[in-house]
file entry31.txt (compact mmCIF, C-alpha atoms)
# COMPACT_ATOMS: atom_id res chain seq x y z
CA MET A 8 0.00 0.00 0.00
CA SER A 9 1.34 3.44 -0.93
CA HIS A 10 1.92 6.26 1.57
CA VAL A 11 -0.90 8.25 0.02
CA GLU A 12 -3.34 5.34 0.43
CA ASN A 13 -2.41 4.97 4.09
CA GLU A 14 -2.71 8.69 4.69
CA LEU A 15 -6.03 9.21 2.98
CA SER A 16 -7.44 6.24 4.90
CA SER A 17 -6.58 7.85 8.25
CA GLN A 18 -8.65 10.97 7.65
CA PRO A 19 -11.66 10.20 9.88
CA GLU A 20 -9.42 9.90 12.95
CA CYS A 21 -7.48 13.04 11.99
CA TRP A 22 -10.70 15.00 11.57
CA GLU A 23 -11.91 13.98 15.01
CA ARG A 24 -8.67 15.23 16.57
CA ALA A 25 -8.79 18.50 14.64
CA ALA A 26 -12.37 19.20 15.70
CA HIS A 27 -11.37 18.85 19.34
CA LEU A 28 -8.44 21.23 18.82
CA ALA A 29 -10.59 23.99 17.36
CA GLU A 30 -11.85 25.23 20.71
CA ALA A 31 -8.42 25.12 22.35
CA HIS A 32 -6.90 27.21 19.56
CA GLY A 33 -9.87 29.50 18.98
CA ALA A 34 -8.03 32.68 19.98
CA ALA A 35 -5.41 32.08 17.27
CA LEU A 36 -8.01 31.72 14.53
CA PRO A 37 -10.06 34.43 12.79
CA GLN A 38 -12.51 36.16 15.11
CA PRO A 39 -16.05 37.23 14.14
CA GLY A 40 -15.99 40.58 12.38
CA GLU A 41 -12.33 40.50 11.40
CA ARG A 42 -11.40 41.18 7.80
CA VAL A 43 -9.39 38.10 6.87
CA ALA A 44 -7.23 36.84 4.03
CA VAL A 45 -6.52 33.11 3.76
CA VAL A 46 -3.46 32.16 1.72
CA GLY A 47 -1.71 29.04 0.53
CA CYS A 48 -0.04 27.39 -2.44
CA GLY A 49 -1.23 24.41 -4.45
CA THR A 50 -3.60 22.27 -2.41
CA SER A 51 -3.53 24.81 0.42
CA LEU A 52 -4.81 27.50 -1.95
CA PHE A 53 -7.89 25.43 -2.74
CA MET A 54 -8.51 24.83 0.96
CA ALA A 55 -8.13 28.59 1.48
CA GLN A 56 -10.84 29.19 -1.13
CA SER A 57 -13.19 26.83 0.68
CA VAL A 58 -12.47 28.42 4.07
CA ALA A 59 -13.07 31.91 2.73
CA ALA A 60 -16.41 30.96 1.22
CA LEU A 61 -17.53 29.14 4.38
CA ARG A 62 -16.59 32.03 6.65
CA GLU A 63 -18.46 34.60 4.58
CA GLN A 64 -21.49 32.32 4.16
CA SER A 65 -21.67 31.87 7.93
CA GLY A 66 -21.67 35.63 8.53
CA GLN A 67 -18.29 35.71 10.31
CA GLY A 68 -16.86 38.54 8.21
CA GLU A 69 -15.33 39.52 4.90
CA THR A 70 -12.86 36.84 3.82
CA ASP A 71 -10.68 36.57 0.73
CA ALA A 72 -8.44 33.78 -0.54
CA PHE A 73 -5.22 34.21 -2.48
CA ALA A 74 -2.27 32.27 -3.74
CA ALA A 75 0.51 33.52 -1.47
CA SER A 76 2.37 34.84 -4.50
CA GLU A 77 -0.66 36.87 -5.63
CA PHE A 78 -1.51 38.68 -2.39
CA PRO A 79 -2.51 42.24 -3.41
CA ASP A 80 0.04 44.84 -2.35
CA GLY A 81 -1.41 47.60 -0.22
CA ARG A 82 -4.61 45.80 0.74
CA ARG A 83 -5.04 45.61 4.49
CA TYR A 84 -6.58 42.86 6.61
CA ASP A 85 -7.04 42.36 10.32
CA ARG A 86 -5.62 38.85 10.03
CA VAL A 87 -3.79 36.77 7.45
CA LEU A 88 -4.24 33.02 7.84
CA ALA A 89 -1.62 30.89 6.06
CA LEU A 90 -2.09 27.18 5.35
CA THR A 91 1.26 25.45 4.82
CA ARG A 92 1.91 21.75 5.35
CA SER A 93 5.68 22.01 5.10
CA GLY A 94 6.20 25.35 6.82
CA THR A 95 8.97 26.07 4.31
CA THR A 96 7.21 27.34 1.17
CA THR A 97 9.03 30.42 -0.07
CA GLU A 98 6.01 32.49 -1.08
CA VAL A 99 4.20 31.87 2.22
CA LEU A 100 7.21 32.83 4.35
CA ALA A 101 7.78 35.98 2.30
CA LEU A 102 4.17 37.04 2.70
CA LEU A 103 4.17 36.46 6.46
CA ALA A 104 7.31 38.56 6.76
CA ALA A 105 5.76 41.36 4.72
CA GLN A 106 2.62 41.36 6.89
CA ARG A 107 4.50 41.79 10.16
CA GLY A 108 3.30 45.03 11.75
CA HIS A 109 0.34 45.30 9.36
CA ALA A 110 -1.89 42.33 10.22
CA ARG A 111 -2.07 39.59 12.81
CA THR A 112 -0.80 36.40 11.20
CA THR A 113 -1.72 32.78 11.92
CA ALA A 114 -0.18 29.71 10.31
CA VAL A 115 -1.59 26.18 10.25
CA THR A 116 1.23 23.72 9.59
CA ALA A 117 2.26 20.08 10.04
CA ASP A 118 5.91 20.47 10.98
CA PRO A 119 6.99 22.32 14.15
CA GLU A 120 10.66 22.27 13.10
CA THR A 121 10.33 24.73 10.23
CA PRO A 122 10.72 28.51 9.68
CA VAL A 123 6.99 29.20 9.79
CA MET A 124 7.08 28.73 13.57
CA SER A 125 8.80 32.11 13.98
CA ALA A 126 7.37 33.75 10.86
CA ALA A 127 3.76 33.93 12.12
CA ASP A 128 2.33 35.54 15.25
CA ASP A 129 0.31 32.41 16.04
CA VAL A 130 0.92 28.85 14.88
CA ILE A 131 -1.30 25.77 15.07
CA VAL A 132 0.58 22.51 14.51
CA LEU A 133 -1.31 19.51 13.13
CA ASP A 134 1.67 17.16 13.30
CA PHE A 135 -0.59 14.12 13.60
CA ALA A 136 -1.82 14.91 10.06
CA ASP A 137 1.64 15.26 8.51
CA GLU A 138 2.39 13.09 5.50
CA ARG A 139 5.22 11.17 3.90
CA SER A 140 3.67 11.46 0.46
CA VAL A 141 4.26 14.44 -1.80
CA VAL A 142 0.58 14.37 -2.75
CA GLN A 143 -1.45 16.03 0.01
CA THR A 144 -4.56 14.36 1.35
CA ARG A 145 -5.08 14.28 5.11
CA PHE A 146 -3.25 17.48 6.07
CA ALA A 147 -5.39 19.56 3.74
CA THR A 148 -8.71 18.08 4.86
CA THR A 149 -7.69 18.09 8.53
CA GLY A 150 -6.82 21.78 8.35
CA LEU A 151 -10.15 22.50 6.71
CA THR A 152 -11.90 20.47 9.41
CA LEU A 153 -10.18 22.54 12.10
CA LEU A 154 -11.53 25.70 10.50
CA ARG A 155 -15.00 24.28 9.86
CA ALA A 156 -15.20 23.34 13.52
CA HIS A 157 -14.02 26.82 14.52
CA LEU A 158 -16.90 28.23 12.46
CA GLY A 159 -19.39 25.83 14.08
CA LEU A 160 -19.89 23.94 10.81
CA HIS A 161 -18.58 20.49 11.76
CA ASP A 162 -20.33 17.59 13.47
CA GLY A 163 -20.02 13.83 13.78
CA SER A 164 -21.91 13.19 10.56
CA VAL A 165 -18.96 14.52 8.57
CA VAL A 166 -16.64 11.88 10.06
CA ALA A 167 -19.27 9.19 9.51
CA ASP A 168 -19.52 10.21 5.85
CA ALA A 169 -15.74 10.01 5.53
CA ARG A 170 -15.82 6.44 6.77
CA THR A 171 -18.53 5.67 4.22
CA ALA A 172 -16.40 7.26 1.49
CA LEU A 173 -13.55 4.92 2.40
CA ALA A 174 -15.68 1.79 2.66
CA GLU A 175 -17.96 1.94 -0.37
CA PRO A 176 -16.73 0.93 -3.82
CA LEU A 177 -16.18 3.64 -6.42
CA PRO A 178 -18.90 3.94 -9.09
CA GLU A 179 -18.64 1.17 -11.65
CA GLY A 180 -16.75 2.11 -14.80
CA LEU A 181 -15.39 5.38 -13.40
CA VAL A 182 -11.71 4.40 -13.30
CA GLY A 183 -11.66 3.71 -17.02
CA ARG A 184 -12.91 7.13 -18.10
CA ARG A 185 -10.65 9.22 -20.35
CA GLN A 186 -11.39 12.65 -18.84
CA PHE A 187 -12.77 13.86 -15.48
CA THR A 188 -14.52 17.09 -14.52
CA PHE A 189 -15.32 18.15 -10.94
CA LEU A 190 -17.96 20.76 -10.17
CA GLY A 191 -18.82 22.74 -7.04
CA ARG A 192 -20.87 25.64 -5.75
CA GLY A 193 -19.90 28.13 -3.05
CA TRP A 194 -17.37 26.58 -0.69
CA THR A 195 -17.23 23.35 -2.67
CA VAL A 196 -15.67 25.03 -5.72
CA GLY A 197 -12.34 24.84 -3.86
CA LEU A 198 -12.93 21.15 -3.18
CA ALA A 199 -13.65 20.53 -6.86
CA GLN A 200 -10.39 22.26 -7.77
CA GLU A 201 -8.52 20.13 -5.24
CA ALA A 202 -10.08 16.91 -6.57
CA ALA A 203 -8.90 17.83 -10.05
CA LEU A 204 -5.41 18.56 -8.75
CA LYS A 205 -5.23 15.15 -7.08
CA MET A 206 -6.10 13.46 -10.36
CA ARG A 207 -3.44 15.42 -12.24
CA GLU A 208 -0.74 14.87 -9.61
CA ALA A 209 -1.28 11.20 -8.82
CA ALA A 210 -2.63 9.86 -12.10
CA LEU A 211 -1.54 12.34 -14.81
CA ALA A 212 -5.22 12.42 -15.78
CA TRP A 213 -6.90 14.99 -18.01
CA THR A 214 -8.98 16.72 -15.36
CA GLU A 215 -10.76 20.04 -15.02
CA ALA A 216 -12.84 21.82 -12.36
CA TYR A 217 -15.43 24.59 -12.55
CA PRO A 218 -18.21 26.31 -10.63
CA ALA A 219 -21.20 24.18 -11.51
CA MET A 220 -23.21 26.92 -13.24
CA GLU A 221 -20.20 27.73 -15.43
CA TYR A 222 -20.04 24.20 -16.82
CA ARG A 223 -22.78 25.01 -19.30
CA HIS A 224 -20.77 27.97 -20.63
CA GLY A 225 -18.40 25.98 -22.80
CA PRO A 226 -16.78 23.16 -20.80
CA ILE A 227 -19.71 20.79 -21.26
CA SER A 228 -18.66 20.54 -24.90
CA ILE A 229 -15.88 18.09 -23.94
CA SER A 230 -18.39 15.65 -22.39
CA THR A 231 -18.79 12.35 -24.24
CA ASP A 232 -19.35 8.69 -23.46
CA THR A 233 -15.68 8.48 -22.41
CA THR A 234 -15.80 11.22 -19.74
CA ALA A 235 -17.16 11.67 -16.21
CA THR A 236 -18.57 14.68 -14.36
CA TRP A 237 -18.59 14.65 -10.55
CA MET A 238 -20.69 17.11 -8.55
CA PHE A 239 -19.67 18.21 -5.03
CA GLY A 240 -22.92 18.98 -3.22
CA PRO A 241 -26.36 19.62 -4.75
CA ALA A 242 -26.36 20.21 -8.51
CA PRO A 243 -28.09 23.14 -10.23
CA GLU A 244 -31.48 22.22 -11.59
CA GLY A 245 -31.30 20.36 -14.88
CA LEU A 246 -27.53 20.00 -15.00
CA GLU A 247 -27.43 16.28 -14.27
CA GLN A 248 -29.72 15.50 -17.19
CA GLN A 249 -27.77 17.79 -19.50
CA VAL A 250 -24.57 15.91 -18.65
CA ARG A 251 -26.22 12.52 -19.05
CA ASP A 252 -27.54 13.61 -22.46
CA THR A 253 -23.93 13.95 -23.63
CA GLY A 254 -23.29 10.30 -22.76
CA ALA A 255 -20.93 11.21 -19.92
CA GLN A 256 -21.03 9.41 -16.58
CA TRP A 257 -22.59 11.56 -13.84
CA VAL A 258 -21.40 11.15 -10.25
CA ALA A 259 -23.67 12.74 -7.66
CA GLY A 260 -22.15 14.05 -4.44
CA GLU A 261 -24.40 12.40 -1.88
CA LEU A 262 -22.04 12.61 1.13
CA ASP A 263 -20.73 15.67 2.95
CA PRO A 264 -18.61 17.46 0.31
CA LEU A 265 -15.40 16.97 2.31
CA ALA A 266 -16.10 13.24 2.38
CA GLU A 267 -16.71 13.38 -1.37
CA LEU A 268 -13.16 14.70 -1.66
CA VAL A 269 -11.98 11.53 0.07
CA ARG A 270 -13.75 9.51 -2.60
CA ALA A 271 -12.03 11.59 -5.28
CA GLN A 272 -8.67 10.94 -3.62
CA ARG A 273 -9.39 7.23 -3.82
CA LEU A 274 -10.25 7.64 -7.49
CA ALA A 275 -6.89 9.33 -8.14
CA VAL A 276 -5.06 6.39 -6.57
CA ALA A 277 -7.16 3.86 -8.49
CA VAL A 278 -6.60 5.58 -11.83
CA ALA A 279 -2.86 5.80 -11.10
CA ALA A 280 -2.79 2.06 -10.42
CA ALA A 281 -4.72 1.31 -13.61
CA ARG A 282 -2.17 3.34 -15.57
CA GLY A 283 0.84 1.74 -13.92
CA LEU A 284 1.84 4.91 -12.03
CA ASP A 285 3.17 5.31 -8.49
CA PRO A 286 1.06 7.97 -6.71
CA ASP A 287 3.86 8.48 -4.17
CA ARG A 288 6.17 9.73 -6.92
CA PRO A 289 4.29 12.39 -8.88
CA ARG A 290 6.17 13.71 -11.89
CA HIS A 291 8.23 16.90 -11.39
CA LEU A 292 6.87 17.53 -7.87
CA THR A 293 8.45 17.87 -4.42
CA ARG A 294 6.93 18.15 -0.96
CA SER A 295 7.64 21.89 -0.76
CA VAL A 296 8.59 24.59 -3.26
CA ILE A 297 11.65 26.39 -1.92
CA LEU A 298 13.00 29.01 -4.31
CA PRO A 299 16.64 30.09 -4.40
CA SER A 300 17.48 33.42 -2.78
CA ALA A 301 17.69 36.35 -5.16
call {"tool": "encode", "arguments": {"input": "entry31.txt", "output": "C-alpha cells"}}
result
Amino acid sequence: MSHVENELSSQPECWERAAHLAEAHGAALPQPGERVAVVGCGTSLFMAQSVAALREQSGQGETDAFAASEFPDGRRYDRVLALTRSGTTTEVLALLAAQRGHARTTAVTADPETPVMSAADDVIVLDFADERSVVQTRFATTGLTLLRAHLGLHDGSVVADARTALAEPLPEGLVGRRQFTFLGRGWTVGLAQEAALKMREAALAWTEAYPAMEYRHGPISISTDTTATWMFGPAPEGLEQQVRDTGAQWVAGELDPLAELVRAQRLAVAVAAARGLDPDRPRHLTRSVILPSA
C-alpha cells in the first residue's frame, strides 16, 4: 500500500482530533468581524478558497483567498491566515514577513521544526496529520476540518460520511474514463479544484474543475461517453440530465462534500494504479517549493 493510500485512509481519525483542537486554539483563529485573508499554495490555496467561502457564508466577516504569491500589495486585513503543510514554502514565508506590523498572522502547519514557527504571530501545529507522500490528502482536509469546527460547521456526521467514502466501492466504470470534470458551488468550488489537482498529480489524468453553473458555458462541450462529471454537493437544476444527455457518466455528491473529496482521492489512486503509475512519486513535484534566494 502506498503512503498516500495509508494517509487518505486515516482521515476520519485526523478530523476527530482537529475538531477537538478547534476550541483550544480558537483565539489564534479568525474572530467574528475580522477582515481576513486566507493564503496558501497548491492544495492549500484550494482549501483557502473553501475556508473563505464558508466564513463569509456563515456571517463571520469579509474573507478573501489568495495564492501567497498573488496577495494584493497595499490591501489591508485584520488577520492573514496561512495554510502550509511544510512550513517552508518560499512564497508563504515571504508574505508572512511582509505582513508583520500590518496584520495579525496565523499559520496552520504540520511540521513544528520549520521557519513558519517564527514567521507567524500564532501557529497551530497539526503534526498528527503530517504526511510522507508528496501528494497532500489528510493534512489539507484536517486543516479544513479545524476551520469548519471553529466556524461551528462540523459535526459527527462529517466523520461518519468520511468512513462511508472509504468503505464503499467507487462507481462502476469510473476508473476507465478518459477525462474527469469536478464541479462545485460556493465553498465546494475549492474542493472541486482540489479533486482535479489530485487526479493530475497522482494519475496524470486529463482533469478540469469549474463552478457548476459555469459548466454550461463551454466546458460541457468536452463531455462524451468516455468522460465523467462529478458534482460536489447539490447540482443546479437540470444540470445532471444535460450531462447525461452527452453520454458522460454523472457522479452525484451524496455525502458531505469533504467526504466526497476523500472519494475523489481514492479515485486518483485507483486511476494511477490502472495506468501503472506510483502515486507516491508524482512527476516533477516535491513536498515543498523552496526558491533560491535572489
call {"tool": "residues_around", "arguments": {"input": "entry31.txt", "residues": "segment 22-26 of chain A", "least_positions_apart": "4", "cutoff": "8 Å", "atoms": "all atoms listed in the file", "output": "JSON, numbers by chain"}}
result
{"A": [18, 30, 133, 148, 149, 150, 152, 153, 156, 157, 161, 166]}
call {"tool": "write_last_selection", "arguments": {"input": "entry31.txt", "atoms": "C-alpha atoms", "output": "mmCIF file, keeping the file's coordinate frame"}}
result
data_model
loop_
_atom_site.group_PDB
_atom_site.id
_atom_site.type_symbol
_atom_site.label_atom_id
_atom_site.label_comp_id
_atom_site.auth_asym_id
_atom_site.auth_seq_id
_atom_site.Cartn_x
_atom_site.Cartn_y
_atom_site.Cartn_z
ATOM 1 C CA GLN A 18 -8.650 10.970 7.650
ATOM 2 C CA GLU A 30 -11.850 25.230 20.710
ATOM 3 C CA LEU A 133 -1.310 19.510 13.130
ATOM 4 C CA THR A 148 -8.710 18.080 4.860
ATOM 5 C CA THR A 149 -7.690 18.090 8.530
ATOM 6 C CA GLY A 150 -6.820 21.780 8.350
ATOM 7 C CA THR A 152 -11.900 20.470 9.410
ATOM 8 C CA LEU A 153 -10.180 22.540 12.100
ATOM 9 C CA ALA A 156 -15.200 23.340 13.520
ATOM 10 C CA HIS A 157 -14.020 26.820 14.520
ATOM 11 C CA HIS A 161 -18.580 20.490 11.760
ATOM 12 C CA VAL A 166 -16.640 11.880 10.060
#
call {"tool": "residues_around", "arguments": {"input": "entry31.txt", "residues": "Arg192 of chain A", "least_positions_apart": "6", "cutoff": "9 Å", "atoms": "all atoms listed in the file", "output": "list in words"}}
result
Ala199, Tyr217, Pro218, Ala219, Met220, Met238, Phe239, Gly240, Pro241, Ala242 and Pro243 of chain A
call {"tool": "atom_distance", "arguments": {"input": "entry31.txt", "atom1": "atom CA of Lys205 of chain A", "atom2": "atom CA of Ala275 of chain A"}}
result
6.1 Å
call {"tool": "closest_residue", "arguments": {"input": "entry31.txt", "among": "A:Arg107, A:Arg139, A:Arg86, A:Arg42", "to": "Asp287 of chain A", "atoms": "only C-alpha atoms"}}
result
A:Arg139
call {"tool": "closest_residue", "arguments": {"input": "entry31.txt", "among": "A:Ala55, A:Ala167, A:Ala280, A:Leu103", "to": "Leu198 of chain A", "atoms": "all atoms listed in the file"}}
result
A:Ala55
call {"tool": "atom_distance", "arguments": {"input": "entry31.txt", "atom1": "atom CA of Val250 of chain A", "atom2": "atom CA of Met206 of chain A"}}
result
20.4 Å
call {"tool": "closest_residue", "arguments": {"input": "entry31.txt", "among": "A:Ser228, A:Ala174, A:Pro299, A:Glu41", "to": "Glu98 of chain A", "atoms": "only C-alpha atoms"}}
result
A:Pro299
call {"tool": "atom_distance", "arguments": {"input": "entry31.txt", "atom1": "atom CA of Gln56 of chain A", "atom2": "atom CA of Pro119 of chain A"}}
result
24.5 Å
call {"tool": "closest_residue", "arguments": {"input": "entry31.txt", "among": "A:Glu179, A:Glu77, A:Glu267, A:Asp85", "to": "Cys48 of chain A", "atoms": "all atoms listed in the file"}}
result
A:Glu77
call {"tool": "closest_residue", "arguments": {"input": "entry31.txt", "among": "A:Ser140, A:Gln256, A:Ser125, A:Gln64", "to": "Thr188 of chain A", "atoms": "only C-alpha atoms"}}
result
A:Gln256
call {"tool": "closest_residue", "arguments": {"input": "entry31.txt", "among": "A:Trp194, A:Ser9, A:Leu268, A:Ile131", "to": "Ala72 of chain A", "atoms": "only C-alpha atoms"}}
result
A:Trp194
call {"tool": "residues_near_point", "arguments": {"input": "entry31.txt", "point": "(-6.6, 17.2, 4.5)", "cutoff": "12 Å", "atoms": "all atoms listed in the file", "output": "PDB file with C-alpha atoms, in the frame of the given file"}}
result
ATOM      1  CA  VAL A  11      -0.900   8.250   0.020  1.00  0.00           C
ATOM      2  CA  GLU A  14      -2.710   8.690   4.690  1.00  0.00           C
ATOM      3  CA  LEU A  15      -6.030   9.210   2.980  1.00  0.00           C
ATOM      4  CA  SER A  16      -7.440   6.240   4.900  1.00  0.00           C
ATOM      5  CA  SER A  17      -6.580   7.850   8.250  1.00  0.00           C
ATOM      6  CA  GLN A  18      -8.650  10.970   7.650  1.00  0.00           C
ATOM      7  CA  PRO A  19     -11.660  10.200   9.880  1.00  0.00           C
ATOM      8  CA  GLU A  20      -9.420   9.900  12.950  1.00  0.00           C
ATOM      9  CA  CYS A  21      -7.480  13.040  11.990  1.00  0.00           C
ATOM     10  CA  TRP A  22     -10.700  15.000  11.570  1.00  0.00           C
ATOM     11  CA  ALA A  25      -8.790  18.500  14.640  1.00  0.00           C
ATOM     12  CA  THR A  50      -3.600  22.270  -2.410  1.00  0.00           C
ATOM     13  CA  SER A  51      -3.530  24.810   0.420  1.00  0.00           C
ATOM     14  CA  PHE A  53      -7.890  25.430  -2.740  1.00  0.00           C
ATOM     15  CA  MET A  54      -8.510  24.830   0.960  1.00  0.00           C
ATOM     16  CA  ALA A  55      -8.130  28.590   1.480  1.00  0.00           C
ATOM     17  CA  LEU A  90      -2.090  27.180   5.350  1.00  0.00           C
ATOM     18  CA  THR A  91       1.260  25.450   4.820  1.00  0.00           C
ATOM     19  CA  ARG A  92       1.910  21.750   5.350  1.00  0.00           C
ATOM     20  CA  VAL A 115      -1.590  26.180  10.250  1.00  0.00           C
ATOM     21  CA  THR A 116       1.230  23.720   9.590  1.00  0.00           C
ATOM     22  CA  ALA A 117       2.260  20.080  10.040  1.00  0.00           C
ATOM     23  CA  LEU A 133      -1.310  19.510  13.130  1.00  0.00           C
ATOM     24  CA  PHE A 135      -0.590  14.120  13.600  1.00  0.00           C
ATOM     25  CA  ALA A 136      -1.820  14.910  10.060  1.00  0.00           C
ATOM     26  CA  ASP A 137       1.640  15.260   8.510  1.00  0.00           C
ATOM     27  CA  GLU A 138       2.390  13.090   5.500  1.00  0.00           C
ATOM     28  CA  VAL A 142       0.580  14.370  -2.750  1.00  0.00           C
ATOM     29  CA  GLN A 143      -1.450  16.030   0.010  1.00  0.00           C
ATOM     30  CA  THR A 144      -4.560  14.360   1.350  1.00  0.00           C
ATOM     31  CA  ARG A 145      -5.080  14.280   5.110  1.00  0.00           C
ATOM     32  CA  PHE A 146      -3.250  17.480   6.070  1.00  0.00           C
ATOM     33  CA  ALA A 147      -5.390  19.560   3.740  1.00  0.00           C
ATOM     34  CA  THR A 148      -8.710  18.080   4.860  1.00  0.00           C
ATOM     35  CA  THR A 149      -7.690  18.090   8.530  1.00  0.00           C
ATOM     36  CA  GLY A 150      -6.820  21.780   8.350  1.00  0.00           C
ATOM     37  CA  LEU A 151     -10.150  22.500   6.710  1.00  0.00           C
ATOM     38  CA  THR A 152     -11.900  20.470   9.410  1.00  0.00           C
ATOM     39  CA  LEU A 153     -10.180  22.540  12.100  1.00  0.00           C
ATOM     40  CA  LEU A 154     -11.530  25.700  10.500  1.00  0.00           C
ATOM     41  CA  ALA A 169     -15.740  10.010   5.530  1.00  0.00           C
ATOM     42  CA  LEU A 198     -12.930  21.150  -3.180  1.00  0.00           C
ATOM     43  CA  GLU A 201      -8.520  20.130  -5.240  1.00  0.00           C
ATOM     44  CA  ALA A 202     -10.080  16.910  -6.570  1.00  0.00           C
ATOM     45  CA  LYS A 205      -5.230  15.150  -7.080  1.00  0.00           C
ATOM     46  CA  LEU A 265     -15.400  16.970   2.310  1.00  0.00           C
ATOM     47  CA  ALA A 266     -16.100  13.240   2.380  1.00  0.00           C
ATOM     48  CA  LEU A 268     -13.160  14.700  -1.660  1.00  0.00           C
ATOM     49  CA  VAL A 269     -11.980  11.530   0.070  1.00  0.00           C
ATOM     50  CA  GLN A 272      -8.670  10.940  -3.620  1.00  0.00           C
TER      51      GLN A 272
END
call {"tool": "residues_around", "arguments": {"input": "entry31.txt", "residues": "Arg288 of chain A", "least_positions_apart": "3", "cutoff": "12 Å", "atoms": "all atoms listed in the file", "output": "list of chain:residue names"}}
result
A:Ser9, A:His10, A:Val11, A:Arg139, A:Ser140, A:Val141, A:Val142, A:Glu208, A:Ala209, A:Ala210, A:Leu211, A:Val276, A:Ala279, A:Gly283, A:Leu284, A:Asp285, A:His291, A:Leu292, A:Thr293, A:Arg294
call {"tool": "residues_around", "arguments": {"input": "entry31.txt", "residues": "Val278 of chain A", "least_positions_apart": "4", "cutoff": "7 Å", "atoms": "all atoms listed in the file", "output": "list in words"}}
result
Val182, Ala210, Leu274 and Arg282 of chain A
call {"tool": "residues_near_point", "arguments": {"input": "entry31.txt", "point": "(-22.9, 21.4, -18.2)", "cutoff": "9 Å", "atoms": "all atoms listed in the file", "output": "count of residues only"}}
result
16
